[in-house]
file structure04.tsv (TSV, C-alpha atoms)
chain	number	residue	atom	x	y	z
A	999	MET	CA	2.40	-22.00	-23.29
A	1000	ARG	CA	5.90	-21.71	-21.82
A	1001	ILE	CA	6.77	-18.58	-19.85
A	1002	ARG	CA	10.25	-17.16	-19.41
A	1003	LEU	CA	10.94	-15.14	-16.27
A	1004	THR	CA	13.82	-12.86	-15.39
A	1005	LEU	CA	14.32	-12.52	-11.65
A	1006	GLU	CA	16.45	-10.68	-9.20
A	1007	TYR	CA	16.94	-11.71	-5.60
A	1008	ASP	CA	18.93	-11.14	-2.46
A	1009	GLY	CA	20.16	-14.62	-1.63
A	1010	ALA	CA	21.30	-13.93	1.93
A	1011	LEU	CA	18.41	-15.75	3.61
A	1012	TYR	CA	18.12	-18.66	1.17
A	1013	SER	CA	19.82	-22.01	0.66
A	1014	GLY	CA	20.34	-21.15	-3.01
A	1015	TRP	CA	18.22	-21.43	-6.14
A	1016	GLN	CA	17.53	-25.16	-6.10
A	1017	LEU	CA	14.86	-27.02	-4.16
A	1018	GLN	CA	16.32	-28.72	-1.08
A	1019	SER	CA	14.42	-30.74	1.50
A	1020	GLY	CA	13.82	-28.72	4.65
A	1021	GLN	CA	15.52	-25.61	3.22
A	1022	ASP	CA	14.16	-22.29	2.00
A	1023	SER	CA	15.18	-21.71	-1.62
A	1024	ILE	CA	14.36	-19.30	-4.44
A	1025	GLN	CA	12.86	-22.10	-6.54
A	1026	ALA	CA	10.68	-23.20	-3.60
A	1027	ARG	CA	9.35	-19.66	-3.09
A	1028	LEU	CA	8.61	-19.22	-6.77
A	1029	GLU	CA	6.86	-22.57	-7.11
A	1030	SER	CA	4.84	-21.85	-3.96
A	1031	ALA	CA	3.66	-18.54	-5.44
A	1032	LEU	CA	2.72	-20.25	-8.72
A	1033	ALA	CA	0.81	-22.96	-6.85
A	1034	ASN	CA	-1.11	-20.21	-5.07
A	1035	ILE	CA	-2.05	-18.64	-8.41
A	1036	PHE	CA	-2.93	-21.83	-10.33
A	1037	VAL	CA	-4.04	-24.06	-7.42
A	1038	GLU	CA	-1.74	-26.84	-8.63
A	1039	ASN	CA	1.95	-27.62	-8.56
A	1040	VAL	CA	4.07	-25.94	-11.24
A	1041	ARG	CA	7.68	-27.00	-11.76
A	1042	VAL	CA	10.15	-24.20	-12.59
A	1043	ARG	CA	13.53	-24.69	-14.27
A	1044	GLY	CA	16.34	-22.19	-13.76
A	1045	ALA	CA	19.33	-21.16	-15.85
A	1046	GLY	CA	21.79	-21.62	-13.02
A	1047	ARG	CA	21.94	-23.08	-9.52
A	1048	THR	CA	23.19	-20.17	-7.45
A	1049	ASP	CA	24.52	-21.33	-4.08
A	1050	ALA	CA	23.38	-20.37	-0.59
A	1051	GLY	CA	23.90	-16.66	0.03
A	1052	VAL	CA	24.55	-15.81	-3.64
A	1053	HIS	CA	22.48	-13.03	-5.22
A	1054	ALA	CA	21.06	-12.52	-8.72
A	1055	ARG	CA	20.15	-9.54	-10.87
A	1056	GLY	CA	19.38	-11.55	-14.00
A	1057	GLN	CA	18.43	-15.13	-13.18
A	1058	VAL	CA	16.31	-16.75	-15.89
A	1059	ALA	CA	13.65	-19.37	-15.26
A	1060	ALA	CA	10.90	-21.03	-17.28
A	1061	PHE	CA	7.76	-23.07	-16.73
A	1062	ASP	CA	4.65	-24.24	-18.57
A	1063	LEU	CA	1.38	-22.45	-17.86
A	1064	PRO	CA	-1.34	-24.80	-16.54
A	1065	ARG	CA	-3.92	-22.51	-18.15
A	1066	PRO	CA	-3.90	-19.29	-20.19
A	1067	PHE	CA	-2.63	-16.28	-18.26
A	1068	ASP	CA	-1.39	-12.93	-19.51
A	1069	PRO	CA	2.39	-12.72	-18.82
A	1070	ALA	CA	2.21	-9.10	-17.61
A	1071	GLU	CA	-0.59	-9.99	-15.19
A	1072	LEU	CA	1.39	-13.03	-14.08
A	1073	ARG	CA	4.40	-10.86	-13.27
A	1074	ARG	CA	2.22	-8.59	-11.13
A	1075	ALA	CA	0.59	-11.56	-9.38
A	1076	LEU	CA	3.92	-13.19	-8.60
A	1077	ASN	CA	5.41	-9.99	-7.22
A	1078	ALA	CA	2.37	-9.60	-4.96
A	1079	LEU	CA	2.99	-13.07	-3.50
A	1080	LEU	CA	6.79	-13.26	-3.39
A	1081	PRO	CA	8.78	-11.85	-0.45
A	1082	ALA	CA	10.42	-8.43	-0.84
A	1083	ASP	CA	13.86	-9.96	-1.50
A	1084	ILE	CA	12.69	-11.81	-4.65
A	1085	ALA	CA	11.32	-9.90	-7.66
A	1086	VAL	CA	10.16	-10.92	-11.13
A	1087	ILE	CA	11.35	-8.14	-13.42
A	1088	ALA	CA	10.14	-9.62	-16.73
A	1089	ALA	CA	7.75	-12.33	-17.94
A	1090	PHE	CA	6.91	-13.27	-21.51
A	1091	ALA	CA	5.91	-16.23	-23.67
A	1092	VAL	CA	8.61	-18.28	-25.43
A	1093	GLU	CA	8.76	-21.34	-27.65
A	1094	ASP	CA	7.68	-24.56	-25.97
A	1095	ASP	CA	11.16	-26.06	-26.31
A	1096	PHE	CA	12.97	-23.18	-24.58
A	1097	ASP	CA	15.30	-24.49	-21.87
A	1098	PRO	CA	16.81	-21.77	-19.64
A	1099	ARG	CA	19.88	-23.85	-18.79
A	1100	ARG	CA	20.71	-25.75	-21.96
A	1101	ASP	CA	19.92	-22.87	-24.35
A	1102	ALA	CA	22.15	-20.40	-22.50
A	1103	ARG	CA	25.16	-19.24	-24.51
A	1104	SER	CA	26.98	-17.70	-21.55
A	1105	ARG	CA	26.54	-16.46	-18.01
A	1106	ILE	CA	27.94	-13.32	-16.40
A	1107	TYR	CA	28.78	-13.06	-12.72
A	1108	GLU	CA	30.15	-10.21	-10.65
A	1109	TYR	CA	31.99	-10.40	-7.36
A	1110	ARG	CA	32.40	-7.37	-5.09
A	1111	VAL	CA	35.23	-6.83	-2.62
A	1112	LEU	CA	35.13	-3.97	-0.10
A	1113	ASN	CA	38.76	-2.98	0.45
A	1114	GLN	CA	38.91	-0.89	3.60
A	1115	GLU	CA	39.83	-1.28	7.24
A	1116	CYS	CA	36.37	-0.94	8.77
A	1117	ARG	CA	33.27	-2.97	7.98
A	1118	SER	CA	30.29	-1.31	6.37
A	1119	ALA	CA	26.73	-1.44	7.72
A	1120	PHE	CA	25.46	-1.32	4.12
A	1121	GLU	CA	27.93	-3.46	2.15
A	1122	TYR	CA	28.24	-6.47	4.47
A	1123	ARG	CA	25.49	-8.40	2.65
A	1124	TYR	CA	26.90	-7.73	-0.83
A	1125	ALA	CA	30.71	-7.61	-0.57
A	1126	TRP	CA	33.64	-9.44	0.98
A	1127	LEU	CA	35.49	-7.18	3.42
A	1128	VAL	CA	39.26	-7.38	2.75
A	1129	ARG	CA	41.23	-5.11	5.05
A	1130	GLU	CA	44.71	-5.50	3.52
A	1131	ALA	CA	45.64	-3.21	0.63
A	1132	LEU	CA	45.00	-4.73	-2.81
A	1133	ASP	CA	46.95	-4.17	-6.04
A	1134	LEU	CA	44.45	-3.79	-8.91
A	1135	ALA	CA	47.07	-4.15	-11.65
A	1136	VAL	CA	48.38	-7.55	-10.53
A	1137	MET	CA	44.85	-8.79	-9.86
A	1138	ASN	CA	43.97	-7.96	-13.46
A	1139	ALA	CA	47.11	-9.74	-14.64
A	1140	ALA	CA	45.90	-12.80	-12.73
A	1141	ALA	CA	42.39	-12.37	-14.16
A	1142	ARG	CA	43.76	-12.58	-17.70
A	1143	VAL	CA	45.25	-16.00	-16.91
A	1144	PHE	CA	41.71	-17.41	-16.84
A	1145	LEU	CA	40.78	-16.24	-20.33
A	1146	GLY	CA	40.21	-18.97	-22.90
A	1147	GLU	CA	39.47	-22.66	-22.42
A	1148	HIS	CA	41.03	-24.38	-19.42
A	1149	ASP	CA	40.53	-27.23	-17.00
A	1150	PHE	CA	39.17	-25.58	-13.84
A	1151	ALA	CA	39.37	-28.69	-11.64
A	1152	ALA	CA	41.45	-26.75	-9.09
A	1153	PHE	CA	38.67	-24.17	-8.72
A	1154	ARG	CA	35.62	-26.36	-8.09
A	1155	THR	CA	34.07	-27.91	-5.01
A	1156	LEU	CA	35.30	-31.46	-4.52
A	1157	GLY	CA	32.59	-34.06	-4.94
A	1158	SER	CA	30.48	-32.00	-7.35
A	1159	GLU	CA	29.06	-34.03	-10.20
A	1160	GLU	CA	30.25	-32.66	-13.54
A	1161	ARG	CA	30.86	-34.49	-16.79
A	1162	THR	CA	33.87	-32.28	-17.51
A	1163	THR	CA	35.79	-29.57	-15.67
A	1164	MET	CA	36.75	-27.82	-18.91
A	1165	ARG	CA	35.24	-24.34	-19.22
A	1166	ARG	CA	35.66	-21.40	-21.63
A	1167	VAL	CA	36.06	-17.95	-20.06
A	1168	ASP	CA	35.33	-15.06	-22.44
A	1169	ALA	CA	35.76	-12.08	-20.09
A	1170	SER	CA	37.69	-11.71	-16.84
A	1171	GLU	CA	38.42	-8.27	-15.40
A	1172	TRP	CA	38.62	-6.30	-12.15
A	1173	ARG	CA	37.51	-2.69	-11.82
A	1174	ARG	CA	37.74	-0.33	-8.88
A	1175	GLN	CA	35.44	2.43	-7.75
A	1176	GLY	CA	36.51	3.96	-4.47
A	1177	ALA	CA	36.94	1.18	-1.93
A	1178	VAL	CA	34.98	-1.37	-3.98
A	1179	PHE	CA	36.74	-3.80	-6.31
A	1180	THR	CA	34.36	-5.54	-8.73
A	1181	TYR	CA	35.30	-8.65	-10.67
A	1182	ARG	CA	33.27	-9.42	-13.80
A	1183	VAL	CA	33.53	-12.80	-15.48
A	1184	GLU	CA	31.68	-14.33	-18.42
A	1185	ALA	CA	31.87	-18.01	-19.33
A	1186	SER	CA	29.97	-20.68	-21.19
A	1187	ALA	CA	29.20	-22.29	-17.83
A	1188	PHE	CA	30.67	-22.46	-14.33
A	1189	LEU	CA	31.57	-25.20	-11.89
A	1190	ARG	CA	30.27	-25.03	-8.33
A	1191	HIS	CA	32.24	-22.43	-6.32
A	1192	MET	CA	34.43	-21.79	-9.38
A	1193	VAL	CA	34.07	-17.99	-9.40
A	1194	ARG	CA	34.46	-17.68	-5.64
A	1195	THR	CA	37.64	-19.77	-5.68
A	1196	MET	CA	39.04	-17.78	-8.60
A	1197	VAL	CA	38.32	-14.58	-6.66
A	1198	ALA	CA	40.03	-15.94	-3.55
A	1199	ALA	CA	43.16	-16.77	-5.56
A	1200	MET	CA	43.23	-13.35	-7.23
A	1201	VAL	CA	42.76	-11.56	-3.90
A	1202	GLU	CA	45.77	-13.47	-2.57
A	1203	VAL	CA	47.69	-12.15	-5.58
A	1204	GLY	CA	46.46	-8.64	-4.79
A	1205	ARG	CA	47.63	-9.04	-1.19
A	1206	GLY	CA	51.05	-10.20	-2.35
A	1207	LYS	CA	50.60	-13.73	-0.98
A	1208	ARG	CA	50.64	-15.42	-4.42
A	1209	SER	CA	52.05	-14.49	-7.80
A	1210	VAL	CA	50.36	-14.42	-11.18
A	1211	ASP	CA	52.48	-17.44	-12.13
A	1212	ASP	CA	51.08	-19.26	-9.08
A	1213	VAL	CA	47.57	-18.83	-10.47
A	1214	ALA	CA	48.66	-20.22	-13.84
A	1215	ARG	CA	50.17	-23.23	-12.05
A	1216	LEU	CA	46.87	-23.88	-10.23
A	1217	LEU	CA	45.18	-24.21	-13.62
A	1218	GLU	CA	47.92	-26.50	-14.88
A	1219	LYS	CA	48.01	-28.83	-11.86
A	1220	CYS	CA	44.20	-29.27	-11.56
A	1221	ASP	CA	44.56	-29.95	-7.81
A	1222	ARG	CA	41.84	-28.41	-5.62
A	1223	ALA	CA	43.99	-28.90	-2.51
A	1224	LEU	CA	46.45	-26.28	-3.81
A	1225	SER	CA	43.80	-23.56	-4.22
A	1226	PRO	CA	42.52	-21.31	-1.43
A	1227	ALA	CA	39.12	-21.67	0.20
A	1228	ALA	CA	36.30	-20.06	-1.78
A	1229	ALA	CA	35.58	-16.39	-1.14
A	1230	PRO	CA	32.39	-15.69	0.86
A	1231	ALA	CA	29.10	-16.13	-0.99
A	1232	CYS	CA	27.83	-12.65	-0.08
A	1233	GLY	CA	29.96	-10.91	-2.72
A	1234	LEU	CA	28.71	-12.94	-5.70
A	1235	SER	CA	25.82	-12.06	-8.02
A	1236	LEU	CA	24.52	-13.64	-11.22
A	1237	ILE	CA	24.21	-10.59	-13.47
A	1238	GLU	CA	22.97	-11.91	-16.80
A	1239	VAL	CA	22.29	-15.07	-18.78
A	1240	ARG	CA	22.86	-14.66	-22.52
A	1241	TYR	CA	21.08	-16.66	-25.21

call {"tool": "encode", "arguments": {"input": "structure04.tsv", "output": "structure tokens"}}
result
Amino acid sequence: MRIRLTLEYDGALYSGWQLQSGQDSIQARLESALANIFVENVRVRGAGRTDAGVHARGQVAAFDLPRPFDPAELRRALNALLPADIAVIAAFAVEDDFDPRRDARSRIYEYRVLNQECRSAFEYRYAWLVREALDLAVMNAAARVFLGEHDFAAFRTLGSEERTTMRRVDASEWRRQGAVFTYRVEASAFLRHMVRTMVAAMVEVGRGKRSVDDVARLLEKCDRALSPAAAPACGLSLIEVRY
């Protein structure tokens, strides 16, 4: 029987989702908990490889049960073994051919920017502090540039292994509530550091350091050297994976 999990986690203390030698990762913690329950190694596959410091509210993972186990009881057992910053919020049986990555239709991320002069003791783990005033209207104009299918080569980490840098973006919008600007983006898939680099470019537009046309030119030129450094990982969260 294959089990599908939905997880949320605070990624601040982890090297990301994926197993990495000598590093503490979400996948490593989950597989360790499963090994404790089943007394054998269990390999878990995730819907997306969130980077170091990136959070999730709706990560999806799947694995095959070594022996029969009620999914609701499994959720309770995992939550008893996992650290407080990782939680399994749903567990249920799925078809044996379910693949959390390949079967995903789209993924939704959010990025939070705290736009105020002073740092916050509560927001520092979950938002990028930007002290300069930001213009929401021009940031949204820049966000609309990303809609549709484009080559996002200028917004990826150099050296990442991808068959193609073409991606389709279905939603791209900034909203503001008080001092917090939240960017929500939905796409078929994302390149490594793609969202964080997009956010960095749009924040430069909001600061008045780039224009909306500059962002369009970054897409056209496909040159990573022309784009800004990626925004900090702390502001990014995987919100939902849609199937």

call {"tool": "closest_residue", "arguments": {"input": "structure04.tsv", "among": "A:Arg1173, A:Arg1208, A:Asp1221, A:Pro1230", "to": "Thr1195 of chain A", "atoms": "only C-alpha atoms"}}
result
A:Pro1230

call {"tool": "closest_residue", "arguments": {"input": "structure04.tsv", "among": "A:Tyr1122, A:Arg1240, A:Ala1060, A:Ala1088", "to": "Arg1074 of chain A", "atoms": "only C-alpha atoms"}}
result
A:Ala1088

call {"tool": "closest_atom_pairs", "arguments": {"input": "structure04.tsv", "of": "segment 1159-1231 of chain A", "to": "segment 1099-1110 of chain A", "cutoff": "6 Å", "atoms": "all atoms listed in the file", "output": "JSON lines"}}
result
{"residue": "A:Phe1179", "atom": "CA", "partner": "A:Arg1110", "partner_atom": "CA", "distance": 5.8}
{"residue": "A:Thr1180", "atom": "CA", "partner": "A:Arg1110", "partner_atom": "CA", "distance": 4.5}
{"residue": "A:Tyr1181", "atom": "CA", "partner": "A:Tyr1109", "partner_atom": "CA", "distance": 5.0}
{"residue": "A:Arg1182", "atom": "CA", "partner": "A:Glu1108", "partner_atom": "CA", "distance": 4.5}
{"residue": "A:Val1183", "atom": "CA", "partner": "A:Tyr1107", "partner_atom": "CA", "distance": 5.5}
{"residue": "A:Glu1184", "atom": "CA", "partner": "A:Ile1106", "partner_atom": "CA", "distance": 4.4}
{"residue": "A:Ala1185", "atom": "CA", "partner": "A:Ser1104", "partner_atom": "CA", "distance": 5.4}
{"residue": "A:Ser1186", "atom": "CA", "partner": "A:Ser1104", "partner_atom": "CA", "distance": 4.2}

call {"tool": "closest_residue", "arguments": {"input": "structure04.tsv", "among": "A:Ala1152, A:Ala1033, A:Val1128, A:Ile1001", "to": "Asp1068 of chain A", "atoms": "only C-alpha atoms"}}
result
A:Ile1001

call {"tool": "residues_around", "arguments": {"input": "structure04.tsv", "residues": "Arg1129 of chain A", "least_positions_apart": "4", "cutoff": "7 Å", "atoms": "all atoms listed in the file", "output": "VMD selection string"}}
result
chain A and resid 1113 to 1115

call {"tool": "atom_distance", "arguments": {"input": "structure04.tsv", "atom1": "atom CA of Ser1118 of chain A", "atom2": "atom CA of Ala1010 of chain A"}}
result
16.1 Å

call {"tool": "atom_distance", "arguments": {"input": "structure04.tsv", "atom1": "atom CA of Glu1160 of chain A", "atom2": "atom CA of Gln1057 of chain A"}}
result
21.1 Å

call {"tool": "residues_near_point", "arguments": {"input": "structure04.tsv", "point": "(15.0, -10.1, -0.3)", "cutoff": "8 Å", "atoms": "all atoms listed in the file", "output": "number ranges by chain"}}
result
A: 1007-1011, 1081-1084

call {"tool": "atom_distance", "arguments": {"input": "structure04.tsv", "atom1": "atom CA of Ala1131 of chain A", "atom2": "atom CA of Gly1204 of chain A"}}
result
7.7 Å

call {"tool": "residues_near_point", "arguments": {"input": "structure04.tsv", "point": "(27.6, -10.0, 0.8)", "cutoff": "10 Å", "atoms": "only C-alpha atoms", "output": "PDB file with C-alpha atoms, keeping the file's coordinate frame"}}
result
ATOM      1  CA  ASP A1008      18.930 -11.140  -2.460  1.00  0.00           C
ATOM      2  CA  GLY A1009      20.160 -14.620  -1.630  1.00  0.00           C
ATOM      3  CA  ALA A1010      21.300 -13.930   1.930  1.00  0.00           C
ATOM      4  CA  GLY A1051      23.900 -16.660   0.030  1.00  0.00           C
ATOM      5  CA  VAL A1052      24.550 -15.810  -3.640  1.00  0.00           C
ATOM      6  CA  HIS A1053      22.480 -13.030  -5.220  1.00  0.00           C
ATOM      7  CA  TYR A1109      31.990 -10.400  -7.360  1.00  0.00           C
ATOM      8  CA  ARG A1110      32.400  -7.370  -5.090  1.00  0.00           C
ATOM      9  CA  VAL A1111      35.230  -6.830  -2.620  1.00  0.00           C
ATOM     10  CA  LEU A1112      35.130  -3.970  -0.100  1.00  0.00           C
ATOM     11  CA  PHE A1120      25.460  -1.320   4.120  1.00  0.00           C
ATOM     12  CA  GLU A1121      27.930  -3.460   2.150  1.00  0.00           C
ATOM     13  CA  TYR A1122      28.240  -6.470   4.470  1.00  0.00           C
ATOM     14  CA  ARG A1123      25.490  -8.400   2.650  1.00  0.00           C
ATOM     15  CA  TYR A1124      26.900  -7.730  -0.830  1.00  0.00           C
ATOM     16  CA  ALA A1125      30.710  -7.610  -0.570  1.00  0.00           C
ATOM     17  CA  TRP A1126      33.640  -9.440   0.980  1.00  0.00           C
ATOM     18  CA  LEU A1127      35.490  -7.180   3.420  1.00  0.00           C
ATOM     19  CA  PRO A1230      32.390 -15.690   0.860  1.00  0.00           C
ATOM     20  CA  ALA A1231      29.100 -16.130  -0.990  1.00  0.00           C
ATOM     21  CA  CYS A1232      27.830 -12.650  -0.080  1.00  0.00           C
ATOM     22  CA  GLY A1233      29.960 -10.910  -2.720  1.00  0.00           C
ATOM     23  CA  LEU A1234      28.710 -12.940  -5.700  1.00  0.00           C
ATOM     24  CA  SER A1235      25.820 -12.060  -8.020  1.00  0.00           C
TER      25      SER A1235
END

call {"tool": "closest_residue", "arguments": {"input": "structure04.tsv", "among": "A:Arg1047, A:Arg1194, A:Arg1065, A:Arg1166", "to": "Pro1226 of chain A", "atoms": "only C-alpha atoms"}}
result
A:Arg1194

call {"tool": "closest_residue", "arguments": {"input": "structure04.tsv", "among": "A:Val1213, A:Leu1005, A:Ala1135, A:Leu1189", "to": "Thr1162 of chain A", "atoms": "only C-alpha atoms"}}
result
A:Leu1189

call {"tool": "residues_around", "arguments": {"input": "structure04.tsv", "residues": "Ala1214 of chain A", "least_positions_apart": "3", "cutoff": "10 Å", "atoms": "all atoms listed in the file", "output": "PyMOL selection string"}}
result
chain A and resi 1140+1142-1144+1209-1211+1217-1219

call {"tool": "residues_around", "arguments": {"input": "structure04.tsv", "residues": "Asn1039 of chain A", "least_positions_apart": "6", "cutoff": "10 Å", "atoms": "all atoms listed in the file", "output": "ChimeraX atom specification"}}
result
/A:1029-1033,1064

call {"tool": "closest_residue", "arguments": {"input": "structure04.tsv", "among": "A:Leu1236, A:Ala1078, A:Ala1089, A:Met1196", "to": "Thr1155 of chain A", "atoms": "all atoms listed in the file"}}
result
A:Met1196

call {"tool": "residues_around", "arguments": {"input": "structure04.tsv", "residues": "Leu1156 of chain A", "least_positions_apart": "2", "cutoff": "10 Å", "atoms": "only C-alpha atoms", "output": "PyMOL selection string"}}
result
chain A and resi 1151-1154+1158-1159+1190-1191+1221-1223

call {"tool": "residues_around", "arguments": {"input": "structure04.tsv", "residues": "Leu1076 of chain A", "least_positions_apart": "5", "cutoff": "9 Å", "atoms": "only C-alpha atoms", "output": "PyMOL selection string"}}
result
chain A and resi 1028+1031-1032+1035+1071+1085-1086

call {"tool": "build_atoms", "arguments": {"input": "structure04.tsv", "residues": "segment 1152-1182 of chain A", "atoms": "N, CA and C atoms", "output": "PDB file, in the frame of the given file"}}
result
ATOM      1  N   ALA A1152      40.894 -27.302 -10.336  1.00  0.00           N
ATOM      2  CA  ALA A1152      41.450 -26.750  -9.090  1.00  0.00           C
ATOM      3  C   ALA A1152      40.559 -25.679  -8.475  1.00  0.00           C
ATOM      4  N   PHE A1153      39.501 -25.277  -9.189  1.00  0.00           N
ATOM      5  CA  PHE A1153      38.670 -24.170  -8.720  1.00  0.00           C
ATOM      6  C   PHE A1153      37.214 -24.594  -8.469  1.00  0.00           C
ATOM      7  N   ARG A1154      36.984 -25.878  -8.329  1.00  0.00           N
ATOM      8  CA  ARG A1154      35.620 -26.360  -8.090  1.00  0.00           C
ATOM      9  C   ARG A1154      35.531 -26.969  -6.699  1.00  0.00           C
ATOM     10  N   THR A1155      34.302 -27.202  -6.255  1.00  0.00           N
ATOM     11  CA  THR A1155      34.070 -27.910  -5.010  1.00  0.00           C
ATOM     12  C   THR A1155      34.284 -29.400  -5.241  1.00  0.00           C
ATOM     13  N   LEU A1156      35.072 -30.033  -4.387  1.00  0.00           N
ATOM     14  CA  LEU A1156      35.300 -31.460  -4.520  1.00  0.00           C
ATOM     15  C   LEU A1156      34.001 -32.222  -4.294  1.00  0.00           C
ATOM     16  N   GLY A1157      33.784 -33.252  -5.081  1.00  0.00           N
ATOM     17  CA  GLY A1157      32.590 -34.060  -4.940  1.00  0.00           C
ATOM     18  C   GLY A1157      31.429 -33.618  -5.804  1.00  0.00           C
ATOM     19  N   SER A1158      31.564 -32.450  -6.469  1.00  0.00           N
ATOM     20  CA  SER A1158      30.480 -32.000  -7.350  1.00  0.00           C
ATOM     21  C   SER A1158      30.449 -32.875  -8.591  1.00  0.00           C
ATOM     22  N   GLU A1159      29.238 -33.126  -9.064  1.00  0.00           N
ATOM     23  CA  GLU A1159      29.060 -34.030 -10.200  1.00  0.00           C
ATOM     24  C   GLU A1159      29.047 -33.233 -11.506  1.00  0.00           C
ATOM     25  N   GLU A1160      30.128 -33.341 -12.253  1.00  0.00           N
ATOM     26  CA  GLU A1160      30.250 -32.660 -13.540  1.00  0.00           C
ATOM     27  C   GLU A1160      30.844 -33.630 -14.542  1.00  0.00           C
ATOM     28  N   ARG A1161      30.324 -33.610 -15.763  1.00  0.00           N
ATOM     29  CA  ARG A1161      30.860 -34.490 -16.790  1.00  0.00           C
ATOM     30  C   ARG A1161      32.275 -34.088 -17.187  1.00  0.00           C
ATOM     31  N   THR A1162      32.535 -32.780 -17.181  1.00  0.00           N
ATOM     32  CA  THR A1162      33.870 -32.280 -17.510  1.00  0.00           C
ATOM     33  C   THR A1162      34.134 -31.021 -16.700  1.00  0.00           C
ATOM     34  N   THR A1163      35.402 -30.788 -16.382  1.00  0.00           N
ATOM     35  CA  THR A1163      35.790 -29.570 -15.670  1.00  0.00           C
ATOM     36  C   THR A1163      36.387 -28.539 -16.620  1.00  0.00           C
ATOM     37  N   MET A1164      36.303 -28.796 -17.920  1.00  0.00           N
ATOM     38  CA  MET A1164      36.750 -27.820 -18.910  1.00  0.00           C
ATOM     39  C   MET A1164      35.690 -26.717 -19.046  1.00  0.00           C
ATOM     40  N   ARG A1165      36.134 -25.481 -19.051  1.00  0.00           N
ATOM     41  CA  ARG A1165      35.240 -24.340 -19.220  1.00  0.00           C
ATOM     42  C   ARG A1165      35.935 -23.269 -20.065  1.00  0.00           C
ATOM     43  N   ARG A1166      35.124 -22.491 -20.813  1.00  0.00           N
ATOM     44  CA  ARG A1166      35.660 -21.400 -21.630  1.00  0.00           C
ATOM     45  C   ARG A1166      35.282 -20.070 -20.996  1.00  0.00           C
ATOM     46  N   VAL A1167      36.285 -19.271 -20.660  1.00  0.00           N
ATOM     47  CA  VAL A1167      36.060 -17.950 -20.060  1.00  0.00           C
ATOM     48  C   VAL A1167      36.291 -16.885 -21.132  1.00  0.00           C
ATOM     49  N   ASP A1168      35.271 -16.071 -21.381  1.00  0.00           N
ATOM     50  CA  ASP A1168      35.330 -15.060 -22.440  1.00  0.00           C
ATOM     51  C   ASP A1168      35.671 -13.664 -21.936  1.00  0.00           C
ATOM     52  N   ALA A1169      35.438 -13.398 -20.664  1.00  0.00           N
ATOM     53  CA  ALA A1169      35.760 -12.080 -20.090  1.00  0.00           C
ATOM     54  C   ALA A1169      36.155 -12.289 -18.638  1.00  0.00           C
ATOM     55  N   SER A1170      37.170 -11.555 -18.200  1.00  0.00           N
ATOM     56  CA  SER A1170      37.690 -11.710 -16.840  1.00  0.00           C
ATOM     57  C   SER A1170      38.444 -10.431 -16.487  1.00  0.00           C
ATOM     58  N   GLU A1171      37.820  -9.589 -15.655  1.00  0.00           N
ATOM     59  CA  GLU A1171      38.420  -8.270 -15.400  1.00  0.00           C
ATOM     60  C   GLU A1171      37.968  -7.711 -14.049  1.00  0.00           C
ATOM     61  N   TRP A1172      38.904  -7.041 -13.378  1.00  0.00           N
ATOM     62  CA  TRP A1172      38.620  -6.300 -12.150  1.00  0.00           C
ATOM     63  C   TRP A1172      38.523  -4.806 -12.457  1.00  0.00           C
ATOM     64  N   ARG A1173      37.594  -4.142 -11.776  1.00  0.00           N
ATOM     65  CA  ARG A1173      37.510  -2.690 -11.820  1.00  0.00           C
ATOM     66  C   ARG A1173      37.384  -2.161 -10.396  1.00  0.00           C
ATOM     67  N   ARG A1174      37.805  -0.927 -10.224  1.00  0.00           N
ATOM     68  CA  ARG A1174      37.740  -0.330  -8.880  1.00  0.00           C
ATOM     69  C   ARG A1174      36.990   0.986  -8.919  1.00  0.00           C
ATOM     70  N   GLN A1175      36.117   1.156  -7.947  1.00  0.00           N
ATOM     71  CA  GLN A1175      35.440   2.430  -7.750  1.00  0.00           C
ATOM     72  C   GLN A1175      35.480   2.727  -6.252  1.00  0.00           C
ATOM     73  N   GLY A1176      36.325   3.672  -5.886  1.00  0.00           N
ATOM     74  CA  GLY A1176      36.510   3.960  -4.470  1.00  0.00           C
ATOM     75  C   GLY A1176      37.106   2.751  -3.765  1.00  0.00           C
ATOM     76  N   ALA A1177      36.444   2.313  -2.709  1.00  0.00           N
ATOM     77  CA  ALA A1177      36.940   1.180  -1.930  1.00  0.00           C
ATOM     78  C   ALA A1177      36.413  -0.156  -2.445  1.00  0.00           C
ATOM     79  N   VAL A1178      35.593  -0.134  -3.483  1.00  0.00           N
ATOM     80  CA  VAL A1178      34.980  -1.370  -3.980  1.00  0.00           C
ATOM     81  C   VAL A1178      35.690  -1.867  -5.234  1.00  0.00           C
ATOM     82  N   PHE A1179      36.173  -3.100  -5.166  1.00  0.00           N
ATOM     83  CA  PHE A1179      36.740  -3.800  -6.310  1.00  0.00           C
ATOM     84  C   PHE A1179      35.662  -4.742  -6.844  1.00  0.00           C
ATOM     85  N   THR A1180      35.381  -4.675  -8.139  1.00  0.00           N
ATOM     86  CA  THR A1180      34.360  -5.540  -8.730  1.00  0.00           C
ATOM     87  C   THR A1180      34.991  -6.396  -9.824  1.00  0.00           C
ATOM     88  N   TYR A1181      34.819  -7.693  -9.676  1.00  0.00           N
ATOM     89  CA  TYR A1181      35.300  -8.650 -10.670  1.00  0.00           C
ATOM     90  C   TYR A1181      34.135  -9.091 -11.540  1.00  0.00           C
ATOM     91  N   ARG A1182      34.300  -9.009 -12.852  1.00  0.00           N
ATOM     92  CA  ARG A1182      33.270  -9.420 -13.800  1.00  0.00           C
ATOM     93  C   ARG A1182      33.816 -10.541 -14.670  1.00  0.00           C
TER      94      ARG A1182
END
